[in-house]
Structures are given as structure tokens and as C-alpha cells.
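So this one's structure24.pdb, PDB, C-alpha atoms (C1' of nucleotides):
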MODEL        1
ATOM      1  CA  MET A  59     -29.532 -57.625 -13.541
ATOM      2  CA  PRO A  60     -28.983 -60.372 -15.858
ATOM      3  CA  GLU A  61     -29.724 -60.314 -19.511
ATOM      4  CA  LEU A  62     -27.837 -62.088 -22.244
ATOM      5  CA  PRO A  63     -24.520 -60.207 -21.911
ATOM      6  CA  GLU A  64     -24.424 -60.486 -18.116
ATOM      7  CA  VAL A  65     -25.363 -64.174 -18.201
ATOM      8  CA  GLU A  66     -22.801 -64.847 -20.949
ATOM      9  CA  THR A  67     -20.088 -63.057 -18.960
ATOM     10  CA  THR A  68     -20.966 -64.964 -15.806
ATOM     11  CA  ALA A  69     -21.104 -68.343 -17.565
ATOM     12  CA  ARG A  70     -17.710 -67.747 -19.181
ATOM     13  CA  GLY A  71     -16.199 -66.755 -15.849
ATOM     14  CA  VAL A  72     -17.500 -69.859 -14.097
ATOM     15  CA  HIS A  73     -16.408 -72.051 -17.010
ATOM     16  CA  GLU A  74     -12.872 -70.679 -16.973
ATOM     17  CA  ARG A  75     -12.483 -71.150 -13.234
ATOM     18  CA  LEU A  76     -14.332 -74.372 -12.550
ATOM     19  CA  ARG A  77     -14.097 -76.516 -15.693
ATOM     20  CA  GLY A  78     -12.716 -79.878 -14.633
ATOM     21  CA  ASP A  79     -13.190 -79.180 -10.946
ATOM     22  CA  ARG A  80     -15.185 -81.523  -8.717
ATOM     23  CA  ILE A  81     -17.996 -80.747  -6.279
ATOM     24  CA  VAL A  82     -17.087 -82.093  -2.861
ATOM     25  CA  ASP A  83     -19.703 -80.446  -0.661
ATOM     26  CA  VAL A  84     -23.125 -78.908  -1.227
ATOM     27  CA  TRP A  85     -25.085 -76.516   0.954
ATOM     28  CA  PHE A  86     -28.468 -74.829   0.377
ATOM     29  CA  SER A  87     -30.209 -72.164   2.424
ATOM     30  CA  ARG A  88     -33.543 -73.027   3.906
ATOM     31  CA  HIS A  89     -35.655 -70.678   1.845
ATOM     32  CA  PRO A  90     -38.899 -71.980   0.455
ATOM     33  CA  GLN A  91     -38.921 -70.471  -3.039
ATOM     34  CA  PRO A  92     -36.067 -70.402  -5.350
ATOM     35  CA  PHE A  93     -35.708 -74.084  -6.054
ATOM     36  CA  LYS A  94     -37.624 -75.831  -8.790
ATOM     37  CA  VAL A  95     -36.279 -79.187  -7.663
ATOM     38  CA  PRO A  96     -36.276 -80.017  -3.917
ATOM     39  CA  VAL A  97     -32.905 -79.033  -2.524
ATOM     40  CA  ALA A  98     -32.284 -82.467  -1.014
ATOM     41  CA  ARG A  99     -32.496 -84.031  -4.482
ATOM     42  CA  GLN A 100     -30.322 -81.296  -6.005
ATOM     43  CA  ALA A 101     -27.687 -81.744  -3.330
ATOM     44  CA  LYS A 102     -27.662 -85.509  -3.783
ATOM     45  CA  GLY A 103     -27.227 -85.199  -7.548
ATOM     46  CA  LEU A 104     -24.554 -82.500  -7.375
ATOM     47  CA  GLN A 105     -22.447 -84.195  -4.750
ATOM     48  CA  GLY A 106     -19.275 -85.656  -6.236
ATOM     49  CA  CYS A 107     -19.912 -84.433  -9.784
ATOM     50  CA  ALA A 108     -17.253 -83.011 -12.048
ATOM     51  CA  ILE A 109     -18.065 -79.798 -13.918
ATOM     52  CA  LEU A 110     -17.382 -80.547 -17.574
ATOM     53  CA  ALA A 111     -18.398 -77.187 -18.998
ATOM     54  CA  VAL A 112     -20.521 -74.131 -18.259
ATOM     55  CA  HIS A 113     -22.408 -72.225 -20.927
ATOM     56  CA  ARG A 114     -25.323 -69.877 -21.514
ATOM     57  CA  ALA A 115     -28.720 -70.839 -22.953
ATOM     58  CA  GLY A 116     -30.936 -67.760 -23.254
ATOM     59  CA  LYS A 117     -30.749 -66.186 -19.792
ATOM     60  CA  HIS A 118     -29.906 -69.514 -18.158
ATOM     61  CA  ILE A 119     -26.490 -70.722 -17.050
ATOM     62  CA  VAL A 120     -26.074 -74.438 -17.711
ATOM     63  CA  CYS A 121     -23.406 -76.464 -15.888
ATOM     64  CA  GLU A 122     -22.722 -79.813 -17.584
ATOM     65  CA  LEU A 123     -21.990 -82.468 -14.984
ATOM     66  CA  ALA A 124     -20.698 -86.025 -14.799
ATOM     67  CA  PRO A 125     -20.373 -88.173 -11.710
ATOM     68  CA  ALA A 126     -16.758 -88.313 -10.583
ATOM     69  CA  ALA A 127     -17.154 -89.845  -7.157
ATOM     70  CA  GLY A 128     -14.245 -92.067  -6.272
ATOM     71  CA  ARG A 129     -12.172 -90.788  -9.147
ATOM     72  CA  PRO A 130      -8.735 -89.628  -8.102
ATOM     73  CA  LEU A 131      -8.364 -85.899  -8.520
ATOM     74  CA  ASP A 132      -5.727 -85.020 -11.070
ATOM     75  CA  THR A 133      -3.796 -82.083  -9.727
ATOM     76  CA  VAL A 134      -1.382 -81.829 -12.618
ATOM     77  CA  CYS A 135      -3.122 -79.035 -14.469
ATOM     78  CA  GLY A 136      -4.114 -76.608 -11.772
ATOM     79  CA  ASN A 137      -6.356 -78.787  -9.619
ATOM     80  CA  ARG A 138      -8.349 -79.892 -12.600
ATOM     81  CA  LEU A 139      -9.482 -83.319 -13.594
ATOM     82  CA  VAL A 140      -8.259 -84.463 -16.952
ATOM     83  CA  GLU A 141     -10.651 -83.917 -19.841
ATOM     84  CA  SER A 142     -11.756 -87.483 -20.440
ATOM     85  CA  VAL A 143     -14.568 -87.706 -17.911
ATOM     86  CA  GLY A 144     -17.027 -88.496 -20.702
ATOM     87  CA  GLU A 145     -20.454 -87.208 -21.678
ATOM     88  CA  PRO A 146     -22.482 -85.104 -19.234
ATOM     89  CA  SER A 147     -25.056 -87.129 -17.329
ATOM     90  CA  ALA A 148     -26.670 -84.239 -15.483
ATOM     91  CA  GLN A 149     -27.068 -80.464 -15.593
ATOM     92  CA  TRP A 150     -27.301 -77.751 -12.976
ATOM     93  CA  ILE A 151     -29.274 -74.866 -14.400
ATOM     94  CA  VAL A 152     -29.097 -71.418 -12.838
ATOM     95  CA  HIS A 153     -31.400 -68.516 -13.630
ATOM     96  CA  LEU A 154     -30.302 -65.278 -11.984
ATOM     97  CA  GLY A 155     -33.719 -63.601 -11.875
ATOM     98  CA  MET A 156     -33.330 -59.890 -11.151
ATOM     99  CA  THR A 157     -30.649 -59.811  -8.490
ATOM    100  CA  GLY A 158     -28.976 -63.216  -8.654
ATOM    101  CA  ARG A 159     -25.201 -63.575  -8.729
ATOM    102  CA  LEU A 160     -23.143 -66.656  -9.398
ATOM    103  CA  LEU A 161     -19.748 -66.166  -7.808
ATOM    104  CA  VAL A 162     -16.547 -68.167  -7.723
ATOM    105  CA  THR A 163     -14.817 -67.546  -4.396
ATOM    106  CA  THR A 164     -12.548 -69.447  -2.065
ATOM    107  CA  SER A 165     -14.251 -71.490   0.621
ATOM    108  CA  GLU A 166     -12.839 -69.140   3.265
ATOM    109  CA  ALA A 167     -14.321 -65.979   1.729
ATOM    110  CA  PRO A 168     -16.942 -64.310   3.957
ATOM    111  CA  VAL A 169     -20.453 -65.425   3.073
ATOM    112  CA  ALA A 170     -22.566 -62.576   1.714
ATOM    113  CA  PRO A 171     -26.125 -62.024   2.968
ATOM    114  CA  HIS A 172     -28.751 -63.815   0.845
ATOM    115  CA  THR A 173     -26.413 -66.622  -0.131
ATOM    116  CA  HIS A 174     -28.682 -69.532  -1.071
ATOM    117  CA  ALA A 175     -26.291 -72.138  -2.443
ATOM    118  CA  ARG A 176     -22.653 -73.039  -1.883
ATOM    119  CA  LEU A 177     -20.856 -75.720  -3.885
ATOM    120  CA  ALA A 178     -17.435 -76.460  -2.420
ATOM    121  CA  MET A 179     -14.972 -77.674  -5.044
ATOM    122  CA  ALA A 180     -12.003 -80.033  -4.792
ATOM    123  CA  SER A 181      -9.699 -77.143  -5.720
ATOM    124  CA  GLY A 182     -10.700 -75.191  -2.614
ATOM    125  CA  ARG A 183     -12.824 -72.811  -4.630
ATOM    126  CA  GLU A 184     -16.508 -72.362  -4.002
ATOM    127  CA  LEU A 185     -19.383 -71.636  -6.368
ATOM    128  CA  ARG A 186     -21.974 -69.444  -4.653
ATOM    129  CA  PHE A 187     -25.455 -68.367  -5.614
ATOM    130  CA  VAL A 188     -26.487 -65.086  -3.974
ATOM    131  CA  ASP A 189     -29.914 -63.574  -4.628
ATOM    132  CA  PRO A 190     -31.542 -60.926  -2.368
ATOM    133  CA  ARG A 191     -34.916 -60.834  -4.145
ATOM    134  CA  ARG A 192     -35.055 -64.583  -4.672
ATOM    135  CA  PHE A 193     -36.470 -64.350  -8.187
ATOM    136  CA  GLY A 194     -33.697 -66.650  -9.382
ATOM    137  CA  ARG A 195     -34.177 -70.369  -9.959
ATOM    138  CA  LEU A 196     -31.961 -73.391  -9.520
ATOM    139  CA  GLU A 197     -32.713 -76.664 -11.247
ATOM    140  CA  TYR A 198     -31.007 -80.028 -11.308
ATOM    141  CA  ARG A 199     -31.609 -82.301 -14.283
ATOM    142  CA  ASP A 200     -30.753 -85.953 -14.531
ATOM    143  CA  LEU A 201     -30.052 -86.432 -18.245
ATOM    144  CA  ARG A 202     -30.789 -90.149 -18.003
ATOM    145  CA  ARG A 203     -34.369 -89.263 -17.132
ATOM    146  CA  CYS A 204     -35.085 -86.076 -19.050
ATOM    147  CA  PRO A 205     -33.684 -84.174 -22.031
ATOM    148  CA  GLY A 206     -31.050 -81.470 -21.729
ATOM    149  CA  PHE A 207     -32.124 -77.890 -21.125
ATOM    150  CA  ARG A 208     -33.129 -75.849 -24.163
ATOM    151  CA  ALA A 209     -33.977 -72.171 -24.145
ATOM    152  CA  PRO A 210     -37.577 -71.639 -25.254
ATOM    153  CA  GLY A 211     -36.826 -69.175 -28.049
ATOM    154  CA  VAL A 212     -34.112 -68.545 -30.600
ATOM    155  CA  ASP A 213     -30.809 -66.953 -29.666
ATOM    156  CA  PRO A 214     -30.647 -63.319 -30.815
ATOM    157  CA  LEU A 215     -26.957 -63.660 -31.680
ATOM    158  CA  SER A 216     -27.485 -66.433 -34.200
ATOM    159  CA  VAL A 217     -31.001 -65.849 -35.539
ATOM    160  CA  THR A 218     -31.178 -65.290 -39.307
ATOM    161  CA  ALA A 219     -32.882 -62.234 -40.805
ATOM    162  CA  GLU A 220     -35.654 -64.470 -42.175
ATOM    163  CA  GLU A 221     -36.296 -66.166 -38.850
ATOM    164  CA  PHE A 222     -36.193 -62.843 -37.001
ATOM    165  CA  ALA A 223     -38.809 -61.299 -39.290
ATOM    166  CA  ARG A 224     -41.022 -64.364 -38.986
ATOM    167  CA  LEU A 225     -41.072 -64.111 -35.175
ATOM    168  CA  PHE A 226     -43.071 -60.880 -35.271
ATOM    169  CA  ARG A 227     -45.322 -61.515 -38.265
ATOM    170  CA  GLY A 228     -49.004 -60.905 -37.533
ATOM    171  CA  ARG A 229     -48.419 -59.831 -33.948
ATOM    172  CA  LYS A 230     -50.303 -56.898 -32.522
ATOM    173  CA  LEU A 231     -48.355 -56.414 -29.332
ATOM    174  CA  ALA A 232     -45.749 -53.673 -28.965
ATOM    175  CA  ILE A 233     -42.356 -54.521 -30.442
ATOM    176  CA  LYS A 234     -40.793 -53.863 -27.043
ATOM    177  CA  ALA A 235     -43.080 -56.468 -25.433
ATOM    178  CA  ALA A 236     -42.267 -58.918 -28.236
ATOM    179  CA  LEU A 237     -38.528 -58.458 -27.721
ATOM    180  CA  LEU A 238     -38.980 -59.303 -24.039
ATOM    181  CA  ASN A 239     -40.925 -62.500 -24.771
ATOM    182  CA  GLN A 240     -38.468 -65.328 -24.105
ATOM    183  CA  LYS A 241     -40.502 -67.775 -26.192
ATOM    184  CA  LEU A 242     -39.658 -65.708 -29.249
ATOM    185  CA  LEU A 243     -36.108 -64.559 -28.495
ATOM    186  CA  SER A 244     -34.238 -65.919 -25.490
ATOM    187  CA  GLY A 245     -31.913 -63.512 -23.766
ATOM    188  CA  VAL A 246     -33.250 -59.997 -24.391
ATOM    189  CA  GLY A 247     -34.365 -58.043 -21.326
ATOM    190  CA  ASN A 248     -35.325 -54.506 -20.488
ATOM    191  CA  ILE A 249     -31.961 -52.817 -21.008
ATOM    192  CA  TYR A 250     -31.102 -54.333 -24.368
ATOM    193  CA  ALA A 251     -34.662 -54.053 -25.688
ATOM    194  CA  ASP A 252     -34.597 -50.287 -25.057
ATOM    195  CA  GLU A 253     -31.054 -49.832 -26.323
ATOM    196  CA  SER A 254     -31.545 -51.820 -29.532
ATOM    197  CA  LEU A 255     -34.811 -50.022 -30.327
ATOM    198  CA  PHE A 256     -32.961 -46.733 -29.907
ATOM    199  CA  HIS A 257     -30.148 -47.758 -32.249
ATOM    200  CA  ALA A 258     -32.694 -49.003 -34.799
ATOM    201  CA  GLY A 259     -34.718 -45.758 -34.529
ATOM    202  CA  ILE A 260     -37.970 -47.553 -33.664
ATOM    203  CA  ARG A 261     -40.570 -46.521 -31.070
ATOM    204  CA  PRO A 262     -41.136 -49.180 -28.423
ATOM    205  CA  ARG A 263     -44.949 -49.086 -28.772
ATOM    206  CA  ARG A 264     -45.040 -49.813 -32.505
ATOM    207  CA  PRO A 265     -47.064 -52.999 -33.118
ATOM    208  CA  ALA A 266     -44.544 -55.751 -33.835
ATOM    209  CA  GLY A 267     -46.380 -57.027 -36.904
ATOM    210  CA  ARG A 268     -46.441 -53.605 -38.546
ATOM    211  CA  LEU A 269     -42.697 -53.092 -38.725
ATOM    212  CA  THR A 270     -41.326 -53.089 -42.263
ATOM    213  CA  ARG A 271     -38.740 -55.608 -43.351
ATOM    214  CA  GLU A 272     -36.150 -52.804 -43.400
ATOM    215  CA  GLU A 273     -36.981 -51.859 -39.822
ATOM    216  CA  LEU A 274     -36.773 -55.482 -38.690
ATOM    217  CA  ASP A 275     -33.382 -55.857 -40.366
ATOM    218  CA  ARG A 276     -32.206 -52.683 -38.663
ATOM    219  CA  LEU A 277     -33.519 -53.935 -35.337
ATOM    220  CA  ARG A 278     -31.832 -57.316 -35.614
ATOM    221  CA  LYS A 279     -28.510 -55.748 -36.552
ATOM    222  CA  ALA A 280     -28.771 -53.199 -33.735
ATOM    223  CA  LEU A 281     -29.587 -55.955 -31.274
ATOM    224  CA  VAL A 282     -26.595 -58.081 -32.303
ATOM    225  CA  LYS A 283     -24.292 -55.081 -32.226
ATOM    226  CA  VAL A 284     -25.445 -53.903 -28.813
ATOM    227  CA  LEU A 285     -25.330 -57.404 -27.278
ATOM    228  CA  LYS A 286     -21.849 -58.136 -28.628
ATOM    229  CA  HIS A 287     -20.533 -54.782 -27.519
ATOM    230  CA  ALA A 288     -22.021 -55.308 -24.061
ATOM    231  CA  ILE A 289     -20.412 -58.759 -23.802
ATOM    232  CA  ARG A 290     -17.045 -57.195 -24.673
ATOM    233  CA  LEU A 291     -17.551 -54.711 -21.831
ATOM    234  CA  GLY A 292     -18.569 -57.384 -19.335
ATOM    235  CA  GLY A 293     -22.276 -56.470 -19.309
ATOM    236  CA  SER A 294     -24.168 -53.634 -17.606
ATOM    237  CA  SER A 295     -23.855 -52.997 -13.870
ATOM    238  CA  VAL A 296     -26.861 -50.801 -13.162
ATOM    239  CA  SER A 297     -26.963 -51.246  -9.413
ATOM    240  CA  ASP A 298     -25.521 -54.529  -8.300
ATOM    241  CA  TYR A 299     -24.595 -56.852 -11.168
ATOM    242  CA  VAL A 300     -21.144 -58.410 -10.884
ATOM    243  CA  ASP A 301     -19.569 -61.289 -12.802
ATOM    244  CA  ALA A 302     -18.271 -64.598 -11.440
ATOM    245  CA  ASP A 303     -15.212 -62.784 -10.032
ATOM    246  CA  GLY A 304     -17.289 -60.060  -8.380
ATOM    247  CA  GLU A 305     -16.266 -57.486 -11.009
ATOM    248  CA  ARG A 306     -18.688 -54.901 -12.396
ATOM    249  CA  GLY A 307     -19.352 -54.501 -16.115
ATOM    250  CA  PHE A 308     -18.949 -51.284 -18.077
ATOM    251  CA  PHE A 309     -21.733 -51.241 -20.641
ATOM    252  CA  GLN A 310     -23.918 -49.028 -18.412
ATOM    253  CA  LEU A 311     -21.568 -46.196 -19.414
ATOM    254  CA  GLU A 312     -22.680 -46.645 -23.015
ATOM    255  CA  HIS A 313     -26.426 -46.729 -22.427
ATOM    256  CA  CYS A 314     -28.151 -44.223 -24.696
ATOM    257  CA  VAL A 315     -31.670 -44.310 -23.226
ATOM    258  CA  TYR A 316     -32.008 -46.949 -20.514
ATOM    259  CA  LEU A 317     -32.531 -45.224 -17.126
ATOM    260  CA  ARG A 318     -31.725 -41.853 -18.703
ATOM    261  CA  THR A 319     -35.175 -40.265 -18.297
ATOM    262  CA  GLY A 320     -34.973 -36.499 -18.794
ATOM    263  CA  LEU A 321     -31.305 -36.595 -19.787
ATOM    264  CA  PRO A 322     -30.366 -35.419 -23.280
ATOM    265  CA  CYS A 323     -30.372 -38.038 -26.037
ATOM    266  CA  ARG A 324     -26.770 -38.806 -26.919
ATOM    267  CA  ARG A 325     -27.511 -38.265 -30.611
ATOM    268  CA  CYS A 326     -29.855 -35.237 -30.737
ATOM    269  CA  GLN A 327     -30.013 -33.789 -27.188
ATOM    270  CA  THR A 328     -33.803 -34.206 -26.942
ATOM    271  CA  PRO A 329     -34.718 -35.294 -23.394
ATOM    272  CA  VAL A 330     -35.200 -39.044 -23.093
ATOM    273  CA  ARG A 331     -38.788 -40.029 -22.319
ATOM    274  CA  ARG A 332     -40.007 -42.778 -19.994
ATOM    275  CA  ILE A 333     -43.265 -44.663 -20.587
ATOM    276  CA  LEU A 334     -44.707 -48.004 -19.496
ATOM    277  CA  VAL A 335     -44.847 -50.835 -22.016
ATOM    278  CA  ALA A 336     -45.866 -54.320 -20.932
ATOM    279  CA  GLY A 337     -45.622 -53.056 -17.364
ATOM    280  CA  ARG A 338     -41.931 -52.264 -17.720
ATOM    281  CA  GLY A 339     -40.216 -48.903 -17.585
ATOM    282  CA  THR A 340     -39.383 -48.062 -21.190
ATOM    283  CA  HIS A 341     -36.984 -45.366 -22.330
ATOM    284  CA  TYR A 342     -36.744 -43.795 -25.761
ATOM    285  CA  CYS A 343     -35.861 -40.663 -27.677
ATOM    286  CA  PRO A 344     -39.022 -39.104 -29.154
ATOM    287  CA  ARG A 345     -37.009 -37.513 -31.967
ATOM    288  CA  CYS A 346     -34.668 -40.349 -32.991
ATOM    289  CA  GLN A 347     -37.269 -43.108 -32.697
ATOM    290  CA  ARG A 348     -40.343 -43.195 -34.923
TER     291      ARG A 348
ATOM    292  C1'  DC B 218     -55.246 -68.487 -28.673
ATOM    293  C1'  DA B 219     -52.814 -63.743 -27.824
ATOM    294  C1'  DT B 220     -52.070 -60.243 -24.736
ATOM    295  C1'  DT B 221     -52.062 -57.720 -20.316
ATOM    296  C1'  DT B 222     -51.676 -57.376 -15.431
ATOM    297  C1'  DC B 223     -50.035 -58.658 -11.220
ATOM    298  C1'  DA B 224     -47.686 -61.120  -7.562
ATOM    299  C1'  DC B 225     -43.470 -62.728  -6.132
ATOM    300  C1'  DC B 226     -39.131 -60.362  -3.000
ATOM    301  C1'  DT B 227     -35.516 -57.033  -0.969
ATOM    302  C1'  DG B 228     -33.215 -52.784  -1.111
ATOM    303  C1'  DG B 229     -31.968 -48.224  -2.744
ATOM    304  C1'  DT B 230     -33.321 -43.477  -3.604
ATOM    305  C1'  DG B 231     -35.536 -39.230  -3.169
ATOM    306  C1'  DG B 232     -39.344 -36.244  -1.320
ATOM    307  C1'  DC B 233     -41.389 -34.407   2.749
TER     308       DC B 233
ATOM    309  C1'  DT C 209     -33.518 -39.176  11.330
ATOM    310  C1'  DG C 210     -37.885 -41.467   9.876
ATOM    311  C1'  DC C 211     -41.562 -42.670   6.965
ATOM    312  C1'  DC C 212     -43.449 -43.505   2.524
ATOM    313  C1'  DA C 213     -43.930 -43.990  -2.361
ATOM    314  C1'  DC C 214     -41.721 -45.557  -6.155
ATOM    315  C1'  DC C 215     -38.362 -47.876  -8.784
ATOM    316  C1'  DA C 216     -35.253 -51.884 -10.124
ATOM    317  C1'  DG C 217     -31.748 -56.604 -14.804
ATOM    318  C1'  DG C 218     -37.389 -61.471 -14.701
ATOM    319  C1'  DT C 219     -41.009 -64.686 -15.134
ATOM    320  C1'  DG C 220     -45.142 -67.276 -14.906
ATOM    321  C1'  DA C 221     -49.978 -67.584 -13.274
ATOM    322  C1'  DA C 222     -54.304 -65.441 -13.581
ATOM    323  C1'  DA C 223     -57.319 -62.391 -15.776
ATOM    324  C1'  DT C 224     -59.097 -60.287 -19.993
TER     325       DT C 224
ENDMDL
END
I'd like the structure from this file rewritten - as C-alpha cells, please.
Amino acid sequence: MPELPEVETTARGVHERLRGDRIVDVWFSRHPQPFKVPVARQAKGLQGCAILAVHRAGKHIVCELAPAAGRPLDTVCGNRLVESVGEPSAQWIVHLGMTGRLLVTTSEAPVAPHTHARLAMASGRELRFVDPRRFGRLEYRDLRRCPGFRAPGVDPLSVTAEEFARLFRGRKLAIKAALLNQKLLSGVGNIYADESLFHAGIRPRRPAGRLTREELDRLRKALVKVLKHAIRLGGSSVSDYVDADGERGFFQLEHCVYLRTGLPCRRCQTPVRRILVAGRGTHYCPRCQR
DNA sequence: CATTTCACCTGGTGGC
DNA sequence: TGCCACCAGGTGAAAT
């Protein structure tokens, strides 16, 4: 589910609800995979921490943490600690994989199947990680021992035209595959790769290094426009994506090609075609995209 | 190195 | 209704 707009929406939702709150209890499911760091160590680090801020880095959600054990909880401003907790000393990093959800609930809310982490907060809220396919990843980082998390590639919303063009120079792989490579751009996935290529009028199989500067400029602008529009609409809910409040997004209603195989192109009525590129279902309009 | 393929998982859908 | 093939927002390891 989660590409840049969905991750951004989720991170904002968690930030708004849990900033300044304190983790009072930690629970992890006993599943072997989805944890990069042993759950016992994660639980120990998370316990008692205040959440200073939550933000997006590529497709990752980063929670900035500081130990707040023993600190009296300030209930003046809506169960939140006052701001001055200091610099973050740890991070909890969440990657949603394909089907991951990060939800803010109350601690009494019924626990959904495939819930793998529950962080009970001082406010009575609970942060839950739910992930049926278990492709998601949870990581705890002690900032006294290792550097803060950085997405591997550049952010598509802030990349300059120069930088963007340089990413693809000399590359033979399909532009669609290049867009999906997180070491180049961090945050673009299958939906927004297909949609931005449609809006830029570029065929997904074109070798990345052969695109003209004009095409690359068009592609970058289309990408920014599509991503920003999708963020405004709360992301795309194709089957099961929901934000931190459990609400669906609306950008799926604006998809022009993604998952529209055989349906008429919204611009020229030609049936949308589906091919495989880099092993991923890829949708395009054979008339509008060259 | 750059690039491609595949395994990792569960669940939904549509054909027979 | 059941069974089966195929598809799905992602990524990294292995193969080429």
C-alpha cells in the first residue's frame, strides 16, 4: 500500500496524535520475520520514551524518541509532555511493506488480526502496527551508538531538475524500473511511477538514459504534481490502505492508468495496456505515452 | 558493477 | 460451494 503519499499521510497522523506522548507499555507478536532488531531490545529501548516528533524519510516513518522515564507527565495540554524534552536520543523506524498499517487507537479498541506491535501511551492511546503479509520492518536505533536514519536516495519532492536528470544519466534500465529504485529516488512505488509516466507522456520501457532533458523535466514535474495531489487526498486506498486514524484515502479515484487495464484512457479513450516491467505490473496508455 | 529474477507472506478475486 | 491460478502498495538476496 504505502508509497510516499500514504507514508506521509500516516506519519503526519501519528505526529499529530502522539507528539509529546510517552510510551508506557510495549508488546510485540511472536513472529520471526518482521523485526530487524530483536524485539526484546526494541521493547527495552522504547519503554518509557517520549515521542518528540514523527516524520517521513522516503517510504519510512521515523519516530524521534527521548527517554522520559520518571518524568512527571504534564497533562496541561491534552495529555502531552511539554516541549522541552531535549534532543532525540533514539529512533523507531517503521516500514509498512505492502500491507502494513500504523494506527493510533485507544488501548481498549479491539485488536485486529495480524497486529505485530502495540505501544501503549500515557494518554491512553495506543500505536499499533498491523501487517498481514509481514513485509514491513520495524527498527530501533540508539542514536548514541549509530547515526540517525537517512533514506538511501533523494526525495522526489525536493530534488532539483539538475539532480533528477543526473540520476538517470547513462542508465540502460527502463525508466519505470529506475523510478522504483529507492537508491535513486526514495518514495516512488508502483502506483506513482505509472501515474507520473502517464502524465509525462513517457512509455515505461524507455531506457532511462535515453530520455531527453525535456522529457526528464516533464517527468519530474508530473511526479511532484501527482505526489502532492495524492498527499492532499490522503493517498491511494487500492484495497486496504488506511491512515493512522483508519481512514481511507481518495487518490485511487484519480488514477489514470494504475490498475485500469482495458479501461479507456481518461484522456483519449484508448484502452489502457498492462505489461511487466522489472517484474511489476505496469499500466500505460499506448497512445498518450511514447 | 548494473540489471533482472525470485522469494518472502496473506488474502482477495474471478474462472471453472 | 470449492479449488486453483493469478494478482496485489515493497525490498533485498541471488543469479545473470
Handout entry: Å distance separating atom CA of A:Val188 from atom C1' of C:DC214, one decimal place
Key =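 We find that atom CA of A:Val188 and atom C1' of C:DC214 lie 24.9 Å from each other.
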Exercise for the section: Return as an NGL selection string the residues belonging to chain A that are within 12 Å of chain C, counting all atoms listed in the file. Expected result: :A and (59-65 or 117-118 or 153-159 or 191-195 or 238-241 or 245-251 or 293-300 or 310 or 316-317 or 338-339)
Selection result of the PyMOL selection byres ((chain B) within 8 of (chain A)) on this file, as a compact mmCIF listing (two decimals) with C-alpha atoms (C1' of nucleotides), keeping the file's coordinate frame:
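As written to disk, selection-v7.txt reads:
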# COMPACT_ATOMS: atom_id res chain seq x y z
C1' DT B 220 -52.07 -60.24 -24.74
C1' DT B 221 -52.06 -57.72 -20.32
C1' DT B 222 -51.68 -57.38 -15.43
C1' DC B 225 -43.47 -62.73 -6.13
C1' DC B 226 -39.13 -60.36 -3.00
C1' DT B 227 -35.52 -57.03 -0.97
Exercise for the section: Return as a ChimeraX atom specification the set of residues that the PyMOL selection byres ((chain A and resi 244) around 6) yields on the displayed structure. Expected result: /A:116,211-213,240,243,245
Exercise for the section: Grab the atom CA of A:Cys121 to atom CA of A:Ser147 distance for me, in Å with one decimal place. Expected result: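 Distance reported for this atom pair: 10.9 Å.
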Problem - Selection result of the PyMOL selection byres ((chain A and resi 170) around 12) on this file, as a PyMOL selection string - result: chain A and resi 159-161+163+166-169+171-176+186-190+304
Exercise for the section: Please measure the separation of atom CA of A:Glu66 and atom CA of A:Ala148, giving the value in Å to one decimal. Expected result: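 Between atom CA of A:Glu66 and atom CA of A:Ala148 the gap works out to 20.5 Å.
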